[in-house]
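Shown next, in structure tokens, is the structure this report addresses.
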Amino acid sequence: MTTLVVCLDRTDDVGRKTGLRSPVVGWEAVRALVTDVGLADPEDSGVNTLLESLRVAQNLRDENEEVVVAVVSGDRESMVSADRAVAEQLDDLIADYDPESAVVVTDSAEDERLIPIVESRVRVDSVDRVVVRQARDIESTYYLLKQFLADEELRQTVLVPIGLTLLVFPMLATTVGPAKGAAAITTVIGLFLLYKGFNVDELLTRLAHQTRESLYSGQVSVVTYVVAAGLTFIGLFVGALGVSNLGDTPGVVIPATQFAFDSVPWLAMAALTASAGRLLDEVISEEPIRTSFLNLPFIVLAVGLVIRGFSAYFLEQQDVIEPFVVPAAELGVVSNERFVMGAGQRLAVFVVTAIVVSLVGARIASIFSDSSEDAERGDGGSDADHADGGGGSDAALESAGPADATAEPERGLDRTDPELTDGGADANANPNSSRDRTR
């Protein structure tokens, strides 16, 4: 009577951690697998499952039964492919060892879903589910709390907000009321979670590091960033003043449009200043200028023109701003009379100007990129010339006489490293010497 002790692993944890393919069959193979899984992940419950399979097999052998212990794993792609892989491996085991019964060893409910597959092929006498004893005792909870309290980062992240909440809430409840106090605390906790969720602390740390490096390296962009920040504040202030001059305007569309109309010039100048500083850093550095930095100022200017044009169009349609008046001018033989530009004409001028600016930026960026590629090809050309020169010398050697042609292979053989060969016989070796060594 042969009994198959099979350890089921539906998600292929054993193969993922050890790199072995299942099934693993045999006492020595499974015992070696225990060591491999334990070294890969000592906290994995699969180690205990493998040991339980060996223990069950040993007990059955003590009862004078023929036992075959095996580990069967599924697939990580999908549950269907995992079940089919287990079924194929079981078919191979049954065809090789022809067991009359089986003992199934599992460690989770996920693995127990494979039991019907085993039952459809061989009689299952027992199902042994391994549960790590320490995981269900209070002792594990104690050690988890002890490990948690020993971690300084976890203490500051979890315990400090809870402690502040317990201290602040009674004070707010007695002064402003429980509802307002709970709302204030909830708002602070929400901001803290967003702060941690978006990694704002890492972003601020990275920004401070980059600023310090820029100051130490003397980059021009540090000054331009400061100027851009000042222009941004001016733009926001000017936009807020423009909205305040509207008075009691119903809705939010017109105030938002007025804010964009007044603030966009300043914000565009801020973006241009920042991009110009970054472009100057690229020019000063020894590395080639990237195309994105060349095209960025033109894109910023084009976007600013489009936003300014559309906001002016909507405001003029609502009679918030006056139509644009082109004054009379005379420049040499060219002159024009005073005329009023309509809202549509103004929008068309802004859009066409933005398109022209973006095209000019793309053209300038392409010119610089082509010039940099030509320079790289020129550098490579010298190498090609050297290569051609080497080829010319080879050609000269080939055009030499027969004596030179026979001398060249001999020199090549002298340069051969015997340790780099595969140990085979030398085709040019003296056959007499080999016969002498044989004798």
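Naming scheme: A, B, ... for chains in displayed order of the structure tokens; residues 1 onward per chain; ligands 1 onward as shown.
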Quick one: pick out all helix (DSSP H, G or I) residues within stretch 169-294 of chain A from a backbone DSSP run and write them as a ChimeraX atom specification. /A:169-175,178-197,200-217,221-244,253-284,291-294
Find the spatial neighbours of A:Val188, counting only C-alpha atoms, within a cut-off of 12 Å - ignore same-chain residues fewer than 3 positions away - and output them as a PyMOL selection string. chain A and resi 161-162+164-165+168-169+181-185+191-195
Surrounding residues of A:Phe314 excluding itself and chain neighbours under 2 positions, 12 Å, only C-alpha atoms, as a compact mmCIF listing (two decimals) with all heavy atoms, in the first residue's frame:
```txt
# COMPACT_ATOMS: atom_id res chain seq x y z
N VAL A 253 -18.11 82.41 -12.98
CA VAL A 253 -17.46 82.36 -14.29
C VAL A 253 -16.78 83.68 -14.62
O VAL A 253 -15.60 83.72 -15.00
CB VAL A 253 -18.49 81.98 -15.38
CG1 VAL A 253 -17.82 82.00 -16.75
CG2 VAL A 253 -19.10 80.62 -15.09
N ILE A 254 -17.52 84.77 -14.47
CA ILE A 254 -16.93 86.09 -14.80
C ILE A 254 -15.79 86.45 -13.85
O ILE A 254 -14.74 86.93 -14.31
CB ILE A 254 -18.04 87.16 -14.80
CG1 ILE A 254 -19.04 86.87 -15.93
CG2 ILE A 254 -17.44 88.55 -14.96
CD1 ILE A 254 -20.19 87.85 -16.00
N PRO A 255 -15.92 86.28 -12.53
CA PRO A 255 -14.75 86.56 -11.67
C PRO A 255 -13.53 85.70 -12.00
O PRO A 255 -12.39 86.20 -11.99
CB PRO A 255 -15.28 86.27 -10.27
CG PRO A 255 -16.74 86.49 -10.35
CD PRO A 255 -17.12 86.03 -11.71
N ALA A 256 -13.76 84.42 -12.31
CA ALA A 256 -12.62 83.57 -12.66
C ALA A 256 -11.98 84.03 -13.96
O ALA A 256 -10.74 84.04 -14.09
CB ALA A 256 -13.08 82.11 -12.78
N THR A 257 -12.80 84.42 -14.92
CA THR A 257 -12.26 84.91 -16.18
C THR A 257 -11.50 86.22 -15.99
O THR A 257 -10.44 86.44 -16.60
CB THR A 257 -13.39 85.11 -17.20
OG1 THR A 257 -14.16 83.91 -17.30
CG2 THR A 257 -12.84 85.45 -18.57
N GLN A 258 -12.03 87.12 -15.14
CA GLN A 258 -11.34 88.36 -14.85
C GLN A 258 -10.01 88.11 -14.14
O GLN A 258 -9.00 88.76 -14.43
CB GLN A 258 -12.23 89.26 -13.98
CG GLN A 258 -11.64 90.62 -13.66
CD GLN A 258 -11.52 91.51 -14.89
OE1 GLN A 258 -12.43 91.54 -15.71
NE2 GLN A 258 -10.41 92.22 -15.00
N ALA A 260 -8.14 85.42 -14.46
CA ALA A 260 -7.20 84.91 -15.45
C ALA A 260 -6.71 86.01 -16.38
O ALA A 260 -5.52 86.08 -16.73
CB ALA A 260 -7.86 83.79 -16.27
N PHE A 261 -7.61 86.93 -16.77
CA PHE A 261 -7.24 88.01 -17.68
C PHE A 261 -6.19 88.93 -17.05
O PHE A 261 -5.25 89.37 -17.73
CB PHE A 261 -8.48 88.81 -18.04
CG PHE A 261 -8.22 89.98 -18.95
CD1 PHE A 261 -8.04 89.80 -20.31
CD2 PHE A 261 -8.16 91.28 -18.44
CE1 PHE A 261 -7.80 90.88 -21.15
CE2 PHE A 261 -7.91 92.35 -19.27
CZ PHE A 261 -7.74 92.16 -20.63
N ILE A 307 -4.63 81.93 -23.35
CA ILE A 307 -5.50 82.19 -22.18
C ILE A 307 -5.91 83.65 -22.13
O ILE A 307 -7.08 83.98 -21.84
CB ILE A 307 -4.76 81.77 -20.89
CG1 ILE A 307 -4.50 80.26 -20.90
CG2 ILE A 307 -5.58 82.15 -19.66
CD1 ILE A 307 -3.70 79.79 -19.71
N ARG A 308 -4.98 84.54 -22.41
CA ARG A 308 -5.30 85.98 -22.42
C ARG A 308 -6.34 86.29 -23.50
O ARG A 308 -7.28 87.06 -23.27
CB ARG A 308 -4.02 86.76 -22.68
CG ARG A 308 -4.20 88.26 -22.79
CD ARG A 308 -4.32 88.93 -21.45
NE ARG A 308 -4.32 90.39 -21.61
CZ ARG A 308 -4.30 91.24 -20.60
NH1 ARG A 308 -4.28 90.79 -19.36
NH2 ARG A 308 -4.31 92.54 -20.81
N GLY A 309 -6.20 85.70 -24.69
CA GLY A 309 -7.14 85.97 -25.76
C GLY A 309 -8.54 85.47 -25.45
O GLY A 309 -9.53 86.20 -25.65
N PHE A 310 -8.67 84.25 -24.93
CA PHE A 310 -10.00 83.71 -24.63
C PHE A 310 -10.66 84.45 -23.47
O PHE A 310 -11.87 84.72 -23.50
CB PHE A 310 -9.90 82.23 -24.32
CG PHE A 310 -9.90 81.35 -25.55
CD1 PHE A 310 -8.71 80.86 -26.06
CD2 PHE A 310 -11.08 81.04 -26.21
CE1 PHE A 310 -8.70 80.07 -27.20
CE2 PHE A 310 -11.08 80.26 -27.35
CZ PHE A 310 -9.88 79.76 -27.85
N SER A 311 -9.87 84.78 -22.43
CA SER A 311 -10.46 85.53 -21.32
C SER A 311 -10.91 86.92 -21.77
O SER A 311 -11.98 87.40 -21.36
CB SER A 311 -9.44 85.64 -20.18
OG SER A 311 -8.26 86.30 -20.62
N ALA A 312 -10.13 87.58 -22.63
CA ALA A 312 -10.54 88.89 -23.15
C ALA A 312 -11.80 88.76 -24.00
O ALA A 312 -12.68 89.64 -23.96
CB ALA A 312 -9.40 89.50 -23.97
N GLU A 316 -15.17 90.74 -22.97
CA GLU A 316 -15.71 91.75 -23.88
C GLU A 316 -17.15 91.41 -24.29
O GLU A 316 -17.97 92.31 -24.49
CB GLU A 316 -14.82 91.84 -25.12
CG GLU A 316 -15.19 92.99 -26.06
CD GLU A 316 -14.20 93.16 -27.19
OE1 GLU A 316 -13.10 92.57 -27.11
OE2 GLU A 316 -14.54 93.86 -28.16
N GLN A 317 -17.46 90.14 -24.40
CA GLN A 317 -18.83 89.76 -24.71
C GLN A 317 -19.79 90.14 -23.60
O GLN A 317 -20.97 90.45 -23.85
CB GLN A 317 -18.90 88.24 -24.96
CG GLN A 317 -18.23 87.78 -26.25
CD GLN A 317 -18.98 88.24 -27.48
OE1 GLN A 317 -20.19 88.47 -27.45
NE2 GLN A 317 -18.25 88.39 -28.59
N GLN A 318 -19.30 90.15 -22.35
CA GLN A 318 -20.13 90.53 -21.21
C GLN A 318 -20.00 92.02 -20.86
O GLN A 318 -20.47 92.43 -19.79
CB GLN A 318 -19.74 89.68 -19.99
CG GLN A 318 -19.98 88.19 -20.17
CD GLN A 318 -21.44 87.86 -20.34
OE1 GLN A 318 -22.30 88.48 -19.69
NE2 GLN A 318 -21.74 86.89 -21.20
N ASP A 319 -19.36 92.80 -21.72
CA ASP A 319 -19.19 94.25 -21.52
C ASP A 319 -18.45 94.57 -20.23
O ASP A 319 -18.68 95.61 -19.59
CB ASP A 319 -20.56 94.95 -21.52
CG ASP A 319 -21.26 94.84 -22.86
OD1 ASP A 319 -20.55 94.76 -23.90
OD2 ASP A 319 -22.51 94.82 -22.88
N VAL A 320 -17.53 93.68 -19.84
CA VAL A 320 -16.71 93.95 -18.65
C VAL A 320 -15.51 94.79 -19.03
O VAL A 320 -15.08 95.68 -18.27
CB VAL A 320 -16.28 92.62 -18.00
CG1 VAL A 320 -15.39 92.88 -16.78
CG2 VAL A 320 -17.49 91.80 -17.58
N ILE A 321 -14.95 94.56 -20.19
CA ILE A 321 -13.82 95.37 -20.66
C ILE A 321 -14.22 96.02 -21.98
O ILE A 321 -15.14 95.58 -22.67
CB ILE A 321 -12.55 94.52 -20.86
CG1 ILE A 321 -12.79 93.41 -21.90
CG2 ILE A 321 -12.07 93.92 -19.54
CD1 ILE A 321 -11.55 92.62 -22.24
N GLU A 322 -13.52 97.10 -22.32
CA GLU A 322 -13.81 97.85 -23.54
C GLU A 322 -13.15 97.16 -24.74
O GLU A 322 -12.14 96.46 -24.60
CB GLU A 322 -13.28 99.28 -23.42
CG GLU A 322 -13.94 100.08 -22.31
CD GLU A 322 -15.41 100.34 -22.59
OE1 GLU A 322 -15.78 100.38 -23.81
OE2 GLU A 322 -16.19 100.48 -21.64
N PRO A 323 -13.69 97.34 -25.93
CA PRO A 323 -13.04 96.79 -27.14
C PRO A 323 -11.67 97.42 -27.34
O PRO A 323 -11.39 98.54 -26.91
CB PRO A 323 -14.00 97.16 -28.26
CG PRO A 323 -15.32 97.38 -27.59
CD PRO A 323 -15.00 97.95 -26.24
N GLY A 342 -12.84 94.08 -33.03
CA GLY A 342 -13.88 93.33 -32.36
C GLY A 342 -13.34 92.20 -31.52
O GLY A 342 -12.14 91.86 -31.53
N ALA A 343 -14.25 91.58 -30.73
CA ALA A 343 -13.84 90.50 -29.84
C ALA A 343 -13.31 89.30 -30.62
O ALA A 343 -12.29 88.69 -30.26
CB ALA A 343 -15.01 90.09 -28.95
N GLY A 344 -13.99 88.95 -31.70
CA GLY A 344 -13.53 87.82 -32.50
C GLY A 344 -12.20 88.09 -33.17
O GLY A 344 -11.34 87.20 -33.25
N ARG A 346 -9.88 90.13 -32.09
CA ARG A 346 -8.83 90.09 -31.05
C ARG A 346 -8.47 88.64 -30.71
O ARG A 346 -7.28 88.30 -30.59
CB ARG A 346 -9.32 90.82 -29.80
CG ARG A 346 -8.32 90.74 -28.65
CD ARG A 346 -8.92 91.23 -27.35
NE ARG A 346 -9.10 92.66 -27.33
CZ ARG A 346 -9.52 93.35 -26.27
NH1 ARG A 346 -9.83 92.70 -25.15
NH2 ARG A 346 -9.67 94.66 -26.34
N LEU A 347 -9.48 87.78 -30.57
CA LEU A 347 -9.20 86.37 -30.27
C LEU A 347 -8.40 85.72 -31.39
O LEU A 347 -7.46 84.95 -31.13
CB LEU A 347 -10.53 85.63 -30.04
CG LEU A 347 -10.43 84.12 -29.78
CD1 LEU A 347 -9.62 83.85 -28.53
CD2 LEU A 347 -11.82 83.52 -29.67
```
Interatomic distance, atom CA of A:Phe324 to atom CA of A:Met269 (Å, one decimal):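 Between atom CA of A:Phe324 and atom CA of A:Met269 the gap works out to 22.2 Å.
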Neighbouring residues of stretch 80-83 of chain A were defined as those with any atom within 9 Å, considering only C-alpha atoms; residues of the same chain fewer than 2 positions away were excluded. Please report them as a compact mmCIF listing (two decimals) with N, CA, C and O atoms, in the first residue's frame.
```txt
# COMPACT_ATOMS: atom_id res chain seq x y z
N ARG A 10 -0.92 26.49 -3.75
CA ARG A 10 -1.67 26.95 -4.91
C ARG A 10 -1.04 28.17 -5.58
O ARG A 10 -1.06 28.31 -6.80
N THR A 11 -0.49 29.09 -4.79
CA THR A 11 0.07 30.34 -5.33
C THR A 11 1.55 30.25 -5.65
O THR A 11 2.18 31.27 -5.94
N ASP A 12 2.14 29.07 -5.59
CA ASP A 12 3.54 28.84 -5.96
C ASP A 12 4.50 29.72 -5.15
O ASP A 12 5.42 30.34 -5.69
N SER A 73 2.87 22.56 -6.58
CA SER A 73 2.62 24.01 -6.61
C SER A 73 1.82 24.38 -7.84
O SER A 73 1.87 23.69 -8.86
N GLY A 74 1.09 25.48 -7.72
CA GLY A 74 0.28 25.98 -8.82
C GLY A 74 1.03 27.00 -9.65
O GLY A 74 2.25 26.94 -9.81
N ASP A 75 0.27 27.97 -10.15
CA ASP A 75 0.83 28.99 -11.03
C ASP A 75 0.42 30.35 -10.50
O ASP A 75 -0.63 30.50 -9.87
N ARG A 76 1.26 31.39 -10.76
CA ARG A 76 0.98 32.73 -10.25
C ARG A 76 0.17 33.57 -11.22
O ARG A 76 -0.24 34.68 -10.89
N GLU A 77 -0.05 33.09 -12.43
CA GLU A 77 -0.74 33.91 -13.42
C GLU A 77 -2.21 34.07 -13.10
O GLU A 77 -2.75 35.17 -13.07
N SER A 78 -2.91 32.97 -12.86
CA SER A 78 -4.33 33.02 -12.55
C SER A 78 -4.70 31.77 -11.78
O SER A 78 -3.94 30.79 -11.74
N ALA A 85 -2.31 23.43 -13.39
CA ALA A 85 -0.94 22.98 -13.15
C ALA A 85 -0.89 21.94 -12.05
O ALA A 85 -0.16 20.94 -12.15
N VAL A 86 -1.65 22.15 -10.98
CA VAL A 86 -1.70 21.16 -9.91
C VAL A 86 -2.28 19.84 -10.41
O VAL A 86 -1.80 18.75 -10.07
N ALA A 87 -3.32 19.91 -11.24
CA ALA A 87 -3.93 18.68 -11.77
C ALA A 87 -2.93 17.90 -12.63
O ALA A 87 -2.83 16.66 -12.53
N GLU A 88 -2.17 18.59 -13.48
CA GLU A 88 -1.17 17.90 -14.31
C GLU A 88 -0.08 17.26 -13.46
O GLU A 88 0.33 16.12 -13.73
N LEU A 114 -7.82 23.18 -3.41
CA LEU A 114 -7.28 22.18 -4.33
C LEU A 114 -7.64 20.76 -3.93
O LEU A 114 -7.34 19.82 -4.69
N ILE A 117 -9.57 18.60 -6.38
CA ILE A 117 -8.76 18.11 -7.50
C ILE A 117 -8.03 16.84 -7.11
O ILE A 117 -7.92 15.89 -7.90
```
Quick one: DSSP strand (DSSP E or B) residues in stretch 50-195 of chain A, as a PyMOL selection string? chain A and resi 66-73+101-106+123-129
Written file, previous selection with C-alpha atoms, as a PDB file, in the first residue's frame:
```
ATOM      1  CA  GLU A  66       5.269   2.805   1.705  1.00  0.00           C
ATOM      2  CA  VAL A  67       5.190   6.599   1.574  1.00  0.00           C
ATOM      3  CA  VAL A  68       5.906   9.069  -1.183  1.00  0.00           C
ATOM      4  CA  VAL A  69       6.176  12.693  -0.024  1.00  0.00           C
ATOM      5  CA  ALA A  70       5.784  15.425  -2.642  1.00  0.00           C
ATOM      6  CA  VAL A  71       5.241  19.169  -2.941  1.00  0.00           C
ATOM      7  CA  VAL A  72       2.832  20.322  -5.648  1.00  0.00           C
ATOM      8  CA  SER A  73       2.623  24.011  -6.610  1.00  0.00           C
ATOM      9  CA  SER A 101      -4.512   6.892  -0.918  1.00  0.00           C
ATOM     10  CA  ALA A 102      -3.293  10.388  -0.128  1.00  0.00           C
ATOM     11  CA  VAL A 103      -2.777  12.650   2.850  1.00  0.00           C
ATOM     12  CA  VAL A 104      -3.121  16.329   2.025  1.00  0.00           C
ATOM     13  CA  VAL A 105      -1.150  18.941   3.994  1.00  0.00           C
ATOM     14  CA  THR A 106      -2.116  22.628   3.678  1.00  0.00           C
ATOM     15  CA  ARG A 123      -8.675   8.594  -2.333  1.00  0.00           C
ATOM     16  CA  VAL A 124      -7.932  11.221   0.341  1.00  0.00           C
ATOM     17  CA  ASP A 125      -7.665   9.676   3.812  1.00  0.00           C
ATOM     18  CA  SER A 126      -6.789  12.825   5.756  1.00  0.00           C
ATOM     19  CA  VAL A 127      -6.429  16.586   5.432  1.00  0.00           C
ATOM     20  CA  ASP A 128      -3.848  18.147   7.737  1.00  0.00           C
ATOM     21  CA  ARG A 129      -4.026  21.930   7.994  1.00  0.00           C
TER      22      ARG A 129
END
```
Spatial neighbours of A:Asp107, 8 Å, only C-alpha atoms, chain gap at least 6 places, as a compact mmCIF listing (two decimals) with N, CA, C and O atoms, in the first residue's frame:
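Generated file (result11.txt):
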```
# COMPACT_ATOMS: atom_id res chain seq x y z
N SER A 45 4.95 30.61 6.66
CA SER A 45 4.33 29.42 7.24
C SER A 45 4.54 28.19 6.38
O SER A 45 4.29 27.07 6.82
N GLY A 46 4.99 28.39 5.12
CA GLY A 46 5.26 27.24 4.27
C GLY A 46 6.35 26.34 4.81
O GLY A 46 6.36 25.13 4.53
N THR A 49 4.67 23.95 6.97
CA THR A 49 3.88 23.00 6.18
C THR A 49 4.77 21.90 5.61
O THR A 49 4.41 20.71 5.63
N ARG A 129 -4.25 20.49 8.16
CA ARG A 129 -4.03 21.93 7.99
C ARG A 129 -3.11 22.42 9.10
O ARG A 129 -3.39 22.25 10.29
N VAL A 130 -2.03 23.04 8.72
CA VAL A 130 -1.01 23.51 9.66
C VAL A 130 -1.33 24.93 10.07
O VAL A 130 -1.50 25.81 9.21
N VAL A 131 -1.42 25.16 11.35
CA VAL A 131 -1.62 26.50 11.91
C VAL A 131 -0.48 26.76 12.88
O VAL A 131 -0.28 26.00 13.83
```
What is the distance between atom CA of A:Arg278 and atom CA of A:Ser221, in Å to one decimal?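 That distance, rounded to one decimal, is 5.3 Å.
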Shell of 10 Å around stretch 25-42 of chain A, only C-alpha atoms, local chain residues under 4 positions omitted, as a PyMOL selection string: chain A and resi 5-7+13-20+46-51+53-54+57-58+67-72+93
Next, write the just-selected residues to a file, as a PDB file, in the first residue's frame, keeping C-alpha atoms as the atom set.
```
ATOM      1  CA  VAL A   5       1.736  12.701   1.311  1.00  0.00           C
ATOM      2  CA  VAL A   6       1.225  15.793  -0.800  1.00  0.00           C
ATOM      3  CA  CYS A   7       1.846  19.373   0.301  1.00  0.00           C
ATOM      4  CA  ASP A  13       5.196  30.517  -2.973  1.00  0.00           C
ATOM      5  CA  VAL A  14       7.848  27.788  -2.934  1.00  0.00           C
ATOM      6  CA  GLY A  15       8.806  28.304  -6.567  1.00  0.00           C
ATOM      7  CA  ARG A  16       8.827  32.085  -6.269  1.00  0.00           C
ATOM      8  CA  LYS A  17      11.169  32.074  -3.284  1.00  0.00           C
ATOM      9  CA  THR A  18      13.497  29.254  -4.263  1.00  0.00           C
ATOM     10  CA  GLY A  19      13.320  29.232  -8.053  1.00  0.00           C
ATOM     11  CA  LEU A  20      12.577  25.482  -8.134  1.00  0.00           C
ATOM     12  CA  GLY A  46       5.257  27.239   4.271  1.00  0.00           C
ATOM     13  CA  VAL A  47       8.324  26.082   6.203  1.00  0.00           C
ATOM     14  CA  ASN A  48       6.048  24.598   8.861  1.00  0.00           C
ATOM     15  CA  THR A  49       3.884  23.001   6.176  1.00  0.00           C
ATOM     16  CA  LEU A  50       6.873  21.260   4.621  1.00  0.00           C
ATOM     17  CA  LEU A  51       8.035  20.048   8.026  1.00  0.00           C
ATOM     18  CA  SER A  53       4.619  16.800   5.476  1.00  0.00           C
ATOM     19  CA  LEU A  54       7.907  15.193   6.500  1.00  0.00           C
ATOM     20  CA  ALA A  57       5.544  10.706   6.107  1.00  0.00           C
ATOM     21  CA  GLN A  58       7.860   9.607   8.916  1.00  0.00           C
ATOM     22  CA  VAL A  67       5.190   6.599   1.574  1.00  0.00           C
ATOM     23  CA  VAL A  68       5.906   9.069  -1.183  1.00  0.00           C
ATOM     24  CA  VAL A  69       6.176  12.693  -0.024  1.00  0.00           C
ATOM     25  CA  ALA A  70       5.784  15.425  -2.642  1.00  0.00           C
ATOM     26  CA  VAL A  71       5.241  19.169  -2.941  1.00  0.00           C
ATOM     27  CA  VAL A  72       2.832  20.322  -5.648  1.00  0.00           C
ATOM     28  CA  LEU A  93       2.682  11.545  -9.635  1.00  0.00           C
TER      29      LEU A  93
END
```
Coordinates-based distance that separates atom CA of A:Val226 from atom CA of A:Leu294 (Å, one decimal): 20.9 Å
